[in-house]
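*Asks:* Data: model_3.txt, compact mmCIF, C-alpha atoms.
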# COMPACT_ATOMS: atom_id res chain seq x y z
CA MET A 1 88.34 -11.21 67.58
CA PHE A 2 86.59 -13.06 70.39
CA GLU A 3 82.99 -12.07 69.69
CA MET A 4 80.45 -14.88 69.18
CA ILE A 5 82.84 -17.46 70.67
CA MET A 6 80.51 -18.86 73.32
CA PRO A 7 77.43 -19.05 71.05
CA ALA A 8 79.53 -20.82 68.41
CA PHE A 9 80.79 -23.30 71.00
CA ILE A 10 77.35 -24.11 72.37
CA VAL A 11 75.41 -24.27 69.10
CA GLY A 12 78.24 -26.15 67.33
CA GLY A 13 78.59 -28.56 70.23
CA LEU A 14 74.87 -29.29 70.36
CA ILE A 15 74.66 -29.92 66.61
CA CYS A 16 77.51 -32.42 66.93
CA VAL A 17 75.70 -34.10 69.85
CA ILE A 18 72.76 -34.78 67.50
CA GLY A 19 75.22 -36.50 65.16
CA GLN A 20 76.68 -38.54 68.01
CA LEU A 21 73.22 -39.67 69.12
CA LEU A 22 72.42 -40.69 65.53
CA MET A 23 75.55 -42.86 65.53
CA ASP A 24 75.06 -44.37 68.99
CA LEU A 25 71.31 -44.95 69.07
CA THR A 26 70.49 -46.15 65.55
CA LYS A 27 70.43 -49.81 64.58
CA PRO A 28 72.10 -50.66 62.28
CA ALA A 29 74.46 -47.88 63.35
CA PHE A 30 74.87 -44.80 61.20
CA THR A 31 78.31 -44.60 59.59
CA PRO A 32 80.05 -41.21 59.26
CA ALA A 33 78.84 -41.15 55.64
CA HIS A 34 75.22 -41.57 56.78
CA VAL A 35 75.68 -38.80 59.35
CA LEU A 36 77.11 -36.39 56.77
CA VAL A 37 74.38 -37.15 54.22
CA SER A 38 71.67 -36.74 56.90
CA PHE A 39 73.12 -33.42 58.02
CA VAL A 40 73.45 -31.90 54.56
CA THR A 41 69.92 -33.01 53.64
CA GLY A 42 68.49 -31.99 57.01
CA GLY A 43 70.21 -28.61 56.85
CA ALA A 44 68.81 -27.99 53.36
CA ILE A 45 65.25 -28.86 54.45
CA LEU A 46 65.50 -26.75 57.64
CA GLY A 47 66.99 -23.94 55.54
CA ALA A 48 64.09 -24.14 53.09
CA LEU A 49 61.58 -23.94 55.95
CA GLY A 50 63.40 -20.89 57.34
CA TRP A 51 64.26 -22.71 60.57
CA TYR A 52 68.03 -22.80 60.14
CA GLU A 53 68.47 -19.04 59.62
CA PRO A 54 67.80 -18.18 63.31
CA LEU A 55 70.38 -20.79 64.32
CA VAL A 56 72.96 -19.06 62.11
CA LYS A 57 72.07 -15.69 63.66
CA ILE A 58 72.44 -17.08 67.19
CA GLY A 59 75.37 -19.45 66.72
CA GLY A 60 77.45 -17.97 63.88
CA ALA A 61 80.14 -20.48 62.94
CA GLY A 62 78.49 -22.93 65.35
CA ALA A 63 75.75 -23.28 62.74
CA THR A 64 77.71 -22.68 59.51
CA ILE A 65 80.75 -24.93 60.15
CA PRO A 66 78.72 -28.16 60.74
CA LEU A 67 77.68 -29.80 57.48
CA SER A 68 74.07 -28.82 58.12
CA GLY A 69 75.28 -25.26 57.38
CA PHE A 70 76.43 -26.48 53.96
CA GLY A 71 72.91 -27.83 53.35
CA TYR A 72 71.44 -24.53 54.53
CA SER A 73 73.66 -22.59 52.06
CA LEU A 74 72.60 -24.93 49.23
CA ALA A 75 68.88 -24.39 49.90
CA LYS A 76 69.24 -20.65 50.52
CA GLY A 77 71.24 -20.26 47.30
CA ALA A 78 68.61 -22.15 45.30
CA MET A 79 65.75 -20.04 46.67
CA GLU A 80 67.57 -16.73 46.14
CA ALA A 81 68.48 -17.69 42.58
CA VAL A 82 64.85 -18.65 41.82
CA GLY A 83 63.91 -15.14 42.94
CA LYS A 84 66.36 -13.64 40.43
CA GLN A 85 66.33 -16.03 37.45
CA GLY A 86 63.21 -18.13 37.87
CA ILE A 87 63.24 -21.89 37.40
CA LEU A 88 66.82 -21.97 36.05
CA GLY A 89 67.93 -20.66 39.43
CA ALA A 90 66.64 -23.84 41.08
CA LEU A 91 69.35 -25.74 39.20
CA SER A 92 72.17 -23.20 39.50
CA GLY A 93 71.59 -21.49 42.84
CA GLY A 94 72.67 -24.20 45.27
CA VAL A 95 75.95 -25.02 43.58
CA GLU A 96 76.70 -21.33 42.95
CA ALA A 97 76.24 -20.45 46.62
CA THR A 98 78.48 -23.30 47.75
CA ALA A 99 80.99 -23.20 44.88
CA VAL A 100 83.87 -22.04 47.10
CA GLY A 101 83.33 -24.91 49.53
CA ILE A 102 82.94 -27.57 46.84
CA ALA A 103 85.98 -26.33 44.89
CA ALA A 104 88.08 -26.03 48.06
CA ALA A 105 87.12 -29.56 49.10
CA VAL A 106 88.04 -31.05 45.72
CA PHE A 107 91.26 -29.05 45.33
CA PHE A 108 92.67 -29.22 48.87
CA GLY A 109 91.45 -32.81 49.18
CA TYR A 110 93.34 -33.81 46.03
CA LEU A 111 96.44 -31.85 47.04
CA MET A 112 96.67 -33.45 50.48
CA SER A 113 95.88 -36.95 49.17
CA VAL A 114 98.79 -36.69 46.76
CA ALA A 115 101.17 -35.02 49.20
CA PHE A 116 100.67 -37.40 52.14
CA SER A 117 100.53 -41.16 52.64
CA PRO A 118 98.53 -42.92 55.35
CA LYS A 119 100.33 -43.53 58.64
CA GLY A 120 100.89 -47.06 59.87
CA MET B 1 46.12 -46.32 90.04
CA ALA B 2 47.56 -48.02 93.15
CA ASN B 3 45.33 -51.05 92.62
CA GLN B 4 46.33 -51.35 89.04
CA SER B 5 50.04 -51.36 89.77
CA SER B 6 49.77 -54.29 92.23
CA ARG B 7 48.04 -56.67 89.83
CA GLN B 8 49.89 -59.41 87.98
CA PRO B 9 51.64 -58.25 84.83
CA THR B 10 49.77 -59.37 81.75
CA ILE B 11 52.76 -59.53 79.44
CA THR B 12 54.43 -62.91 79.28
CA VAL B 13 58.01 -63.08 78.13
CA THR B 14 60.49 -65.93 78.12
CA PRO B 15 63.75 -65.35 80.04
CA GLU B 16 65.55 -65.03 76.70
CA GLN B 17 63.12 -62.37 75.50
CA TYR B 18 63.43 -60.55 78.82
CA LYS B 19 67.20 -60.56 78.51
CA SER B 20 67.16 -59.05 75.07
CA LEU B 21 64.48 -56.53 76.08
CA ALA B 22 66.47 -55.51 79.13
CA GLN B 23 69.57 -55.15 77.00
CA GLN B 24 67.64 -53.00 74.55
CA TYR B 25 66.45 -50.59 77.23
CA THR B 26 69.61 -50.40 79.34
CA PRO B 27 71.36 -47.15 78.41
CA LYS B 28 74.92 -47.79 77.43
CA PRO B 29 77.28 -45.80 79.68
CA THR B 30 79.47 -45.02 76.68
CA VAL B 31 76.69 -42.98 75.09
CA VAL B 32 76.96 -40.26 77.74
CA LYS B 33 80.75 -40.18 77.45
CA ASN B 34 80.56 -40.03 73.64
CA VAL B 35 78.00 -37.22 73.75
CA VAL B 36 80.12 -35.11 76.11
CA ARG B 37 83.22 -35.64 73.96
CA ALA B 38 81.28 -34.84 70.75
CA PHE B 39 79.98 -31.64 72.34
CA PHE B 40 83.44 -30.41 73.35
CA VAL B 41 85.32 -31.40 70.21
CA GLY B 42 82.54 -30.14 67.90
CA GLY B 43 82.21 -26.95 69.92
CA ILE B 44 85.95 -26.26 69.83
CA ILE B 45 86.13 -26.84 66.06
CA CYS B 46 83.28 -24.35 65.58
CA VAL B 47 85.05 -21.85 67.87
CA ILE B 48 88.16 -22.11 65.68
CA GLY B 49 85.88 -21.45 62.67
CA GLN B 50 84.38 -18.43 64.44
CA ILE B 51 87.83 -17.00 65.25
CA ILE B 52 88.82 -17.41 61.58
CA ILE B 53 85.61 -15.60 60.52
CA ASN B 54 86.37 -12.79 62.98
CA LEU B 55 89.92 -12.49 61.64
CA PHE B 56 88.63 -12.24 58.06
CA VAL B 57 86.19 -9.53 59.17
CA ILE B 58 89.07 -7.62 60.80
CA ALA B 59 90.97 -8.06 57.51
CA GLY B 60 88.14 -6.17 55.78
CA LEU B 61 85.82 -8.86 54.36
CA ASN B 62 82.05 -8.53 54.81
CA ARG B 63 80.32 -11.10 57.05
CA ILE B 64 79.14 -13.40 54.23
CA ASP B 65 82.51 -13.45 52.43
CA ALA B 66 84.30 -13.94 55.75
CA SER B 67 82.10 -16.95 56.49
CA THR B 68 82.76 -18.43 53.04
CA ALA B 69 86.51 -17.84 53.35
CA ALA B 70 86.50 -19.41 56.81
CA THR B 71 84.74 -22.51 55.42
CA ALA B 72 87.44 -22.86 52.77
CA THR B 73 90.15 -22.39 55.41
CA MET B 74 88.57 -25.03 57.65
CA ILE B 75 88.43 -27.46 54.70
CA PHE B 76 92.13 -26.79 54.09
CA LEU B 77 92.96 -27.40 57.76
CA GLY B 78 90.84 -30.56 57.93
CA ALA B 79 92.46 -31.94 54.78
CA MET B 80 95.97 -31.13 55.99
CA LEU B 81 95.46 -32.57 59.49
CA THR B 82 94.11 -35.75 57.85
CA GLY B 83 97.22 -35.96 55.69
CA LEU B 84 99.43 -35.54 58.76
CA GLY B 85 97.49 -38.29 60.58
CA VAL B 86 96.39 -35.89 63.32
CA TYR B 87 92.69 -35.82 62.42
CA ASP B 88 92.34 -39.58 62.99
CA GLU B 89 93.43 -39.02 66.60
CA ILE B 90 90.91 -36.19 67.02
CA GLY B 91 88.28 -38.50 65.51
CA LYS B 92 89.03 -41.36 67.92
CA PHE B 93 88.36 -39.01 70.82
CA GLY B 94 85.67 -36.73 69.42
CA GLY B 95 83.43 -39.10 67.44
CA ALA B 96 80.69 -37.11 65.72
CA GLY B 97 82.27 -33.92 67.08
CA SER B 98 84.97 -34.43 64.46
CA ILE B 99 82.68 -35.82 61.73
CA VAL B 100 79.84 -33.27 61.58
CA PRO B 101 81.94 -30.08 61.12
CA ILE B 102 83.17 -29.29 57.60
CA THR B 103 86.66 -30.44 58.69
CA GLY B 104 85.16 -33.93 59.01
CA PHE B 105 83.86 -33.62 55.46
CA ALA B 106 87.42 -32.76 54.35
CA ASN B 107 88.66 -35.76 56.34
CA SER B 108 86.17 -38.04 54.58
CA ILE B 109 87.58 -36.84 51.24
CA VAL B 110 91.30 -37.17 51.98
CA ALA B 111 91.34 -40.39 54.05
CA PRO B 112 90.06 -42.84 51.39
CA ALA B 113 91.86 -41.01 48.54
CA MET B 114 95.17 -41.29 50.38
CA GLU B 115 94.49 -44.94 51.20
CA PHE B 116 93.85 -45.90 47.57
CA LYS B 117 96.77 -44.00 46.03
CA ARG B 118 98.43 -47.28 45.01
CA GLU B 119 95.52 -47.89 42.63
CA GLY B 120 96.61 -44.88 40.61
CA TYR B 121 95.83 -41.21 40.33
CA VAL B 122 92.64 -41.60 38.31
CA LEU B 123 90.79 -44.62 39.72
CA GLY B 124 92.61 -44.45 43.07
CA VAL B 125 92.92 -40.85 44.25
CA GLY B 126 90.52 -39.25 41.76
CA ALA B 127 87.68 -41.68 42.34
CA LYS B 128 88.08 -42.26 46.08
CA LEU B 129 88.00 -38.53 46.84
CA PHE B 130 84.26 -38.93 46.33
CA THR B 131 83.61 -42.03 48.45
CA VAL B 132 81.71 -39.92 51.00
CA ALA B 133 81.76 -36.52 49.28
CA GLY B 134 79.87 -38.05 46.33
CA PRO B 135 76.77 -39.08 48.33
CA VAL B 136 76.91 -35.78 50.26
CA LEU B 137 76.94 -33.75 47.03
CA VAL B 138 74.28 -35.96 45.40
CA TYR B 139 71.82 -35.61 48.27
CA GLY B 140 72.74 -32.01 49.09
CA ILE B 141 72.49 -30.67 45.55
CA ALA B 142 69.41 -32.76 44.72
CA THR B 143 67.64 -31.46 47.84
CA SER B 144 68.53 -27.87 46.97
CA ILE B 145 67.10 -28.30 43.45
CA VAL B 146 63.85 -29.75 44.81
CA VAL B 147 63.71 -26.85 47.29
CA GLY B 148 64.25 -24.38 44.44
CA ILE B 149 61.51 -25.95 42.30
CA VAL B 150 59.02 -25.99 45.18
CA TYR B 151 59.93 -22.37 45.98
CA PHE B 152 59.39 -21.45 42.30
CA PHE B 153 55.84 -22.83 42.30
CA LEU B 154 54.94 -21.31 45.65
CA HIS B 155 55.99 -17.78 44.59
I'd like the structure from this file rewritten - as structure tokens, please.
*Replies:*
Amino acid sequence: MFEMIMPAFIVGGLICVIGQLLMDLTKPAFTPAHVLVSFVTGGAILGALGWYEPLVKIGGAGATIPLSGFGYSLAKGAMEAVGKQGILGALSGGVEATAVGIAAAVFFGYLMSVAFSPKG
Amino acid sequence: MANQSSRQPTITVTPEQYKSLAQQYTPKPTVVKNVVRAFFVGGIICVIGQIIINLFVIAGLNRIDASTAATATMIFLGAMLTGLGVYDEIGKFGGAGSIVPITGFANSIVAPAMEFKREGYVLGVGAKLFTVAGPVLVYGIATSIVVGIVYFFLH
């Protein structure tokens, strides 16, 4: 149950530090939306180059839980699907590989938005 | 080198320019604090994700399915904690440490949707769910398609 805990902490922490530096050192400052878009795009590009895979092997959830891991899954899915179905896979692969995450985000997001009201 | 360093500086700046230059190059003390907090909060969120993966593996899922299931669980937790108002507090402390993990993505979906509920369930909740998730999906999916097309022509 406790395997990979330290690698996940360190890799996950360092990835978040990159996000914090993006927010603190850019002018005009990156908003959370800019950070998330940068991470998903960056993760997809690093995934395509094969540079994100080692990070996943080393850091486990430390690399897959940050949004860059979502980008990595998108790119990996697209490339694997191209291998199986050709050019059609380029369109389907990314969304297929991340379908659970996208569907969970839409469904749970809707559920919680309806169930709760903002505080204060 | 020693001779060079003792000569008069050749750059001329007005006091105003100097002030703004100095300001530009002075590291803000908050940056270090923010970075440390982001590291700890982001690290802890990823550790929770890792523990959930490990539990799914113990429950009999293979590594890839366990990782996918853990992502969905983290989205659920992030969305629920946002609804309860807890995630905002984590965010105030953790900065990017609470934004970059997938729980922050869930937070960015629920927070505006909840806020705009009074504008109705279609143009309020339904539309505002995608205030941040929309751009993320647009750029993420578009990048993956470009990657797929490039991969197709290279192989």
*Asks:* Quote the spacing between atom CA of A:Leu74 and atom CA of A:Ala29 in Å to one decimal place.
*Replies:*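 Calculated distance between atom CA of A:Leu74 and atom CA of A:Ala29 is 27.0 Å.
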*Asks:* Return as an NGL selection string the residues belonging to chain A that are within 7 Å of chain B, counting all atoms listed in the file.
*Replies:* :A and (1-2 or 5 or 8-10 or 12-14 or 16-17 or 19-20 or 24 or 32-33 or 36-37 or 40-41 or 44 or 48 or 60-62 or 65-67 or 71 or 74-75 or 78-79 or 82 or 86-87 or 90-91 or 94-95 or 100-101 or 104-105 or 108-109 or 112-114 or 116-119)
*Asks:* Based on the selection just made, write C-alpha atoms of those residues as a PDB file, keeping the file's coordinate frame.
*Replies:*
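Result written to out36.pdb:
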ATOM      1  CA  MET A   1      88.340 -11.210  67.580  1.00  0.00           C
ATOM      2  CA  PHE A   2      86.590 -13.060  70.390  1.00  0.00           C
ATOM      3  CA  ILE A   5      82.840 -17.460  70.670  1.00  0.00           C
ATOM      4  CA  ALA A   8      79.530 -20.820  68.410  1.00  0.00           C
ATOM      5  CA  PHE A   9      80.790 -23.300  71.000  1.00  0.00           C
ATOM      6  CA  ILE A  10      77.350 -24.110  72.370  1.00  0.00           C
ATOM      7  CA  GLY A  12      78.240 -26.150  67.330  1.00  0.00           C
ATOM      8  CA  GLY A  13      78.590 -28.560  70.230  1.00  0.00           C
ATOM      9  CA  LEU A  14      74.870 -29.290  70.360  1.00  0.00           C
ATOM     10  CA  CYS A  16      77.510 -32.420  66.930  1.00  0.00           C
ATOM     11  CA  VAL A  17      75.700 -34.100  69.850  1.00  0.00           C
ATOM     12  CA  GLY A  19      75.220 -36.500  65.160  1.00  0.00           C
ATOM     13  CA  GLN A  20      76.680 -38.540  68.010  1.00  0.00           C
ATOM     14  CA  ASP A  24      75.060 -44.370  68.990  1.00  0.00           C
ATOM     15  CA  PRO A  32      80.050 -41.210  59.260  1.00  0.00           C
ATOM     16  CA  ALA A  33      78.840 -41.150  55.640  1.00  0.00           C
ATOM     17  CA  LEU A  36      77.110 -36.390  56.770  1.00  0.00           C
ATOM     18  CA  VAL A  37      74.380 -37.150  54.220  1.00  0.00           C
ATOM     19  CA  VAL A  40      73.450 -31.900  54.560  1.00  0.00           C
ATOM     20  CA  THR A  41      69.920 -33.010  53.640  1.00  0.00           C
ATOM     21  CA  ALA A  44      68.810 -27.990  53.360  1.00  0.00           C
ATOM     22  CA  ALA A  48      64.090 -24.140  53.090  1.00  0.00           C
ATOM     23  CA  GLY A  60      77.450 -17.970  63.880  1.00  0.00           C
ATOM     24  CA  ALA A  61      80.140 -20.480  62.940  1.00  0.00           C
ATOM     25  CA  GLY A  62      78.490 -22.930  65.350  1.00  0.00           C
ATOM     26  CA  ILE A  65      80.750 -24.930  60.150  1.00  0.00           C
ATOM     27  CA  PRO A  66      78.720 -28.160  60.740  1.00  0.00           C
ATOM     28  CA  LEU A  67      77.680 -29.800  57.480  1.00  0.00           C
ATOM     29  CA  GLY A  71      72.910 -27.830  53.350  1.00  0.00           C
ATOM     30  CA  LEU A  74      72.600 -24.930  49.230  1.00  0.00           C
ATOM     31  CA  ALA A  75      68.880 -24.390  49.900  1.00  0.00           C
ATOM     32  CA  ALA A  78      68.610 -22.150  45.300  1.00  0.00           C
ATOM     33  CA  MET A  79      65.750 -20.040  46.670  1.00  0.00           C
ATOM     34  CA  VAL A  82      64.850 -18.650  41.820  1.00  0.00           C
ATOM     35  CA  GLY A  86      63.210 -18.130  37.870  1.00  0.00           C
ATOM     36  CA  ILE A  87      63.240 -21.890  37.400  1.00  0.00           C
ATOM     37  CA  ALA A  90      66.640 -23.840  41.080  1.00  0.00           C
ATOM     38  CA  LEU A  91      69.350 -25.740  39.200  1.00  0.00           C
ATOM     39  CA  GLY A  94      72.670 -24.200  45.270  1.00  0.00           C
ATOM     40  CA  VAL A  95      75.950 -25.020  43.580  1.00  0.00           C
ATOM     41  CA  VAL A 100      83.870 -22.040  47.100  1.00  0.00           C
ATOM     42  CA  GLY A 101      83.330 -24.910  49.530  1.00  0.00           C
ATOM     43  CA  ALA A 104      88.080 -26.030  48.060  1.00  0.00           C
ATOM     44  CA  ALA A 105      87.120 -29.560  49.100  1.00  0.00           C
ATOM     45  CA  PHE A 108      92.670 -29.220  48.870  1.00  0.00           C
ATOM     46  CA  GLY A 109      91.450 -32.810  49.180  1.00  0.00           C
ATOM     47  CA  MET A 112      96.670 -33.450  50.480  1.00  0.00           C
ATOM     48  CA  SER A 113      95.880 -36.950  49.170  1.00  0.00           C
ATOM     49  CA  VAL A 114      98.790 -36.690  46.760  1.00  0.00           C
ATOM     50  CA  PHE A 116     100.670 -37.400  52.140  1.00  0.00           C
ATOM     51  CA  SER A 117     100.530 -41.160  52.640  1.00  0.00           C
ATOM     52  CA  PRO A 118      98.530 -42.920  55.350  1.00  0.00           C
ATOM     53  CA  LYS A 119     100.330 -43.530  58.640  1.00  0.00           C
TER      54      LYS A 119
END
*Asks:* Show which residues sit within 9 Å of A:Ile58, as a PyMOL selection string. Count all atoms listed in the file, and ignore same-chain residues fewer than 6 positions away.
*Replies:* chain A and resi 4+7-8+11
*Asks:* Just checking: using all atoms listed in the file, which residue out of A:Gly93, A:Leu111, A:Met23, A:Ile15 ends up closest to A:Gly59?
*Replies:* A:Ile15
*Asks:* From the list A:Gly77, A:Lys57, A:Ala63, A:Lys27, which residue is nearest A:Ser92 when using all atoms listed in the file?
*Replies:* A:Gly77
*Asks:* For a test of reading the model, state the distance in Å between atom CA of B:Pro29 and atom CA of B:Ile90, rounded to one decimal.
*Replies:*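 Distance reported for this atom pair: 20.9 Å.
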*Asks:* Please compute the atom CA of A:Ile102-atom CA of A:Phe70 distance, one decimal, in Å.
*Replies:*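 Interatomic distance, atom CA of A:Ile102 to atom CA of A:Phe70: 9.7 Å.
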*Asks:* Name the residues in contact with A:Gly50 at a cut-off of 10 Å, using all atoms listed in the file, excluding same-chain residues fewer than 4 positions from it; report them as a ChimeraX atom specification.
*Replies:* /A:44-46,54-55,72,75-76
*Asks:* Restore N, CA and C atoms in stretch 82-114 of chain A and list the result as a PDB file, keeping the file's coordinate frame.
*Replies:*
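Okay, this is what ended up in part-v8.pdb:
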ATOM      1  N   VAL A  82      66.186 -18.558  42.427  1.00  0.00           N
ATOM      2  CA  VAL A  82      64.850 -18.650  41.820  1.00  0.00           C
ATOM      3  C   VAL A  82      64.211 -17.260  41.797  1.00  0.00           C
ATOM      4  N   GLY A  83      64.431 -16.497  42.870  1.00  0.00           N
ATOM      5  CA  GLY A  83      63.910 -15.140  42.940  1.00  0.00           C
ATOM      6  C   GLY A  83      64.455 -14.243  41.837  1.00  0.00           C
ATOM      7  N   LYS A  84      65.710 -14.482  41.445  1.00  0.00           N
ATOM      8  CA  LYS A  84      66.360 -13.640  40.430  1.00  0.00           C
ATOM      9  C   LYS A  84      66.152 -14.156  39.003  1.00  0.00           C
ATOM     10  N   GLN A  85      66.311 -15.483  38.815  1.00  0.00           N
ATOM     11  CA  GLN A  85      66.330 -16.030  37.450  1.00  0.00           C
ATOM     12  C   GLN A  85      65.169 -16.961  37.136  1.00  0.00           C
ATOM     13  N   GLY A  86      64.295 -17.186  38.099  1.00  0.00           N
ATOM     14  CA  GLY A  86      63.210 -18.130  37.870  1.00  0.00           C
ATOM     15  C   GLY A  86      63.681 -19.566  37.987  1.00  0.00           C
ATOM     16  N   ILE A  87      63.032 -20.447  37.232  1.00  0.00           N
ATOM     17  CA  ILE A  87      63.240 -21.890  37.400  1.00  0.00           C
ATOM     18  C   ILE A  87      64.686 -22.329  37.173  1.00  0.00           C
ATOM     19  N   LEU A  88      65.412 -21.637  36.309  1.00  0.00           N
ATOM     20  CA  LEU A  88      66.820 -21.970  36.050  1.00  0.00           C
ATOM     21  C   LEU A  88      67.641 -21.838  37.332  1.00  0.00           C
ATOM     22  N   GLY A  89      67.237 -20.889  38.161  1.00  0.00           N
ATOM     23  CA  GLY A  89      67.930 -20.660  39.430  1.00  0.00           C
ATOM     24  C   GLY A  89      67.843 -21.857  40.362  1.00  0.00           C
ATOM     25  N   ALA A  90      66.777 -22.649  40.239  1.00  0.00           N
ATOM     26  CA  ALA A  90      66.640 -23.840  41.080  1.00  0.00           C
ATOM     27  C   ALA A  90      67.791 -24.809  40.826  1.00  0.00           C
ATOM     28  N   LEU A  91      68.245 -24.847  39.551  1.00  0.00           N
ATOM     29  CA  LEU A  91      69.350 -25.740  39.200  1.00  0.00           C
ATOM     30  C   LEU A  91      70.705 -25.133  39.561  1.00  0.00           C
ATOM     31  N   SER A  92      70.848 -23.822  39.352  1.00  0.00           N
ATOM     32  CA  SER A  92      72.170 -23.200  39.500  1.00  0.00           C
ATOM     33  C   SER A  92      72.438 -22.678  40.910  1.00  0.00           C
ATOM     34  N   GLY A  93      71.400 -22.247  41.599  1.00  0.00           N
ATOM     35  CA  GLY A  93      71.590 -21.490  42.840  1.00  0.00           C
ATOM     36  C   GLY A  93      72.361 -22.197  43.929  1.00  0.00           C
ATOM     37  N   GLY A  94      72.021 -23.471  44.186  1.00  0.00           N
ATOM     38  CA  GLY A  94      72.670 -24.200  45.270  1.00  0.00           C
ATOM     39  C   GLY A  94      74.163 -24.339  45.063  1.00  0.00           C
ATOM     40  N   VAL A  95      74.530 -24.801  43.867  1.00  0.00           N
ATOM     41  CA  VAL A  95      75.950 -25.020  43.580  1.00  0.00           C
ATOM     42  C   VAL A  95      76.697 -23.685  43.550  1.00  0.00           C
ATOM     43  N   GLU A  96      76.049 -22.645  43.000  1.00  0.00           N
ATOM     44  CA  GLU A  96      76.700 -21.330  42.950  1.00  0.00           C
ATOM     45  C   GLU A  96      77.027 -20.827  44.364  1.00  0.00           C
ATOM     46  N   ALA A  97      76.056 -20.975  45.264  1.00  0.00           N
ATOM     47  CA  ALA A  97      76.240 -20.450  46.620  1.00  0.00           C
ATOM     48  C   ALA A  97      77.311 -21.220  47.386  1.00  0.00           C
ATOM     49  N   THR A  98      77.533 -22.480  47.006  1.00  0.00           N
ATOM     50  CA  THR A  98      78.480 -23.300  47.750  1.00  0.00           C
ATOM     51  C   THR A  98      79.732 -23.617  46.928  1.00  0.00           C
ATOM     52  N   ALA A  99      79.896 -22.887  45.806  1.00  0.00           N
ATOM     53  CA  ALA A  99      80.990 -23.200  44.880  1.00  0.00           C
ATOM     54  C   ALA A  99      82.355 -23.153  45.564  1.00  0.00           C
ATOM     55  N   VAL A 100      82.564 -22.162  46.432  1.00  0.00           N
ATOM     56  CA  VAL A 100      83.870 -22.040  47.100  1.00  0.00           C
ATOM     57  C   VAL A 100      84.149 -23.292  47.938  1.00  0.00           C
ATOM     58  N   GLY A 101      83.148 -23.736  48.683  1.00  0.00           N
ATOM     59  CA  GLY A 101      83.330 -24.910  49.530  1.00  0.00           C
ATOM     60  C   GLY A 101      83.585 -26.169  48.718  1.00  0.00           C
ATOM     61  N   ILE A 102      82.783 -26.364  47.657  1.00  0.00           N
ATOM     62  CA  ILE A 102      82.940 -27.570  46.840  1.00  0.00           C
ATOM     63  C   ILE A 102      84.321 -27.567  46.168  1.00  0.00           C
ATOM     64  N   ALA A 103      84.690 -26.426  45.577  1.00  0.00           N
ATOM     65  CA  ALA A 103      85.980 -26.330  44.890  1.00  0.00           C
ATOM     66  C   ALA A 103      87.132 -26.515  45.873  1.00  0.00           C
ATOM     67  N   ALA A 104      87.022 -25.898  47.057  1.00  0.00           N
ATOM     68  CA  ALA A 104      88.080 -26.030  48.060  1.00  0.00           C
ATOM     69  C   ALA A 104      88.216 -27.484  48.486  1.00  0.00           C
ATOM     70  N   ALA A 105      87.082 -28.168  48.665  1.00  0.00           N
ATOM     71  CA  ALA A 105      87.120 -29.560  49.100  1.00  0.00           C
ATOM     72  C   ALA A 105      87.798 -30.439  48.058  1.00  0.00           C
ATOM     73  N   VAL A 106      87.447 -30.242  46.787  1.00  0.00           N
ATOM     74  CA  VAL A 106      88.040 -31.050  45.720  1.00  0.00           C
ATOM     75  C   VAL A 106      89.540 -30.736  45.604  1.00  0.00           C
ATOM     76  N   PHE A 107      89.869 -29.436  45.572  1.00  0.00           N
ATOM     77  CA  PHE A 107      91.260 -29.050  45.330  1.00  0.00           C
ATOM     78  C   PHE A 107      92.178 -29.396  46.501  1.00  0.00           C
ATOM     79  N   PHE A 108      91.819 -28.936  47.699  1.00  0.00           N
ATOM     80  CA  PHE A 108      92.670 -29.220  48.870  1.00  0.00           C
ATOM     81  C   PHE A 108      92.670 -30.720  49.159  1.00  0.00           C
ATOM     82  N   GLY A 109      91.528 -31.370  48.958  1.00  0.00           N
ATOM     83  CA  GLY A 109      91.450 -32.810  49.180  1.00  0.00           C
ATOM     84  C   GLY A 109      92.413 -33.548  48.264  1.00  0.00           C
ATOM     85  N   TYR A 110      92.432 -33.171  46.988  1.00  0.00           N
ATOM     86  CA  TYR A 110      93.340 -33.810  46.030  1.00  0.00           C
ATOM     87  C   TYR A 110      94.787 -33.552  46.405  1.00  0.00           C
ATOM     88  N   LEU A 111      95.075 -32.268  46.696  1.00  0.00           N
ATOM     89  CA  LEU A 111      96.440 -31.850  47.040  1.00  0.00           C
ATOM     90  C   LEU A 111      96.988 -32.664  48.206  1.00  0.00           C
ATOM     91  N   MET A 112      96.203 -32.759  49.277  1.00  0.00           N
ATOM     92  CA  MET A 112      96.670 -33.450  50.480  1.00  0.00           C
ATOM     93  C   MET A 112      96.764 -34.955  50.256  1.00  0.00           C
ATOM     94  N   SER A 113      95.844 -35.505  49.451  1.00  0.00           N
ATOM     95  CA  SER A 113      95.880 -36.950  49.170  1.00  0.00           C
ATOM     96  C   SER A 113      97.138 -37.326  48.405  1.00  0.00           C
ATOM     97  N   VAL A 114      97.580 -36.419  47.532  1.00  0.00           N
ATOM     98  CA  VAL A 114      98.790 -36.690  46.760  1.00  0.00           C
ATOM     99  C   VAL A 114     100.029 -36.454  47.611  1.00  0.00           C
TER     100      VAL A 114
END
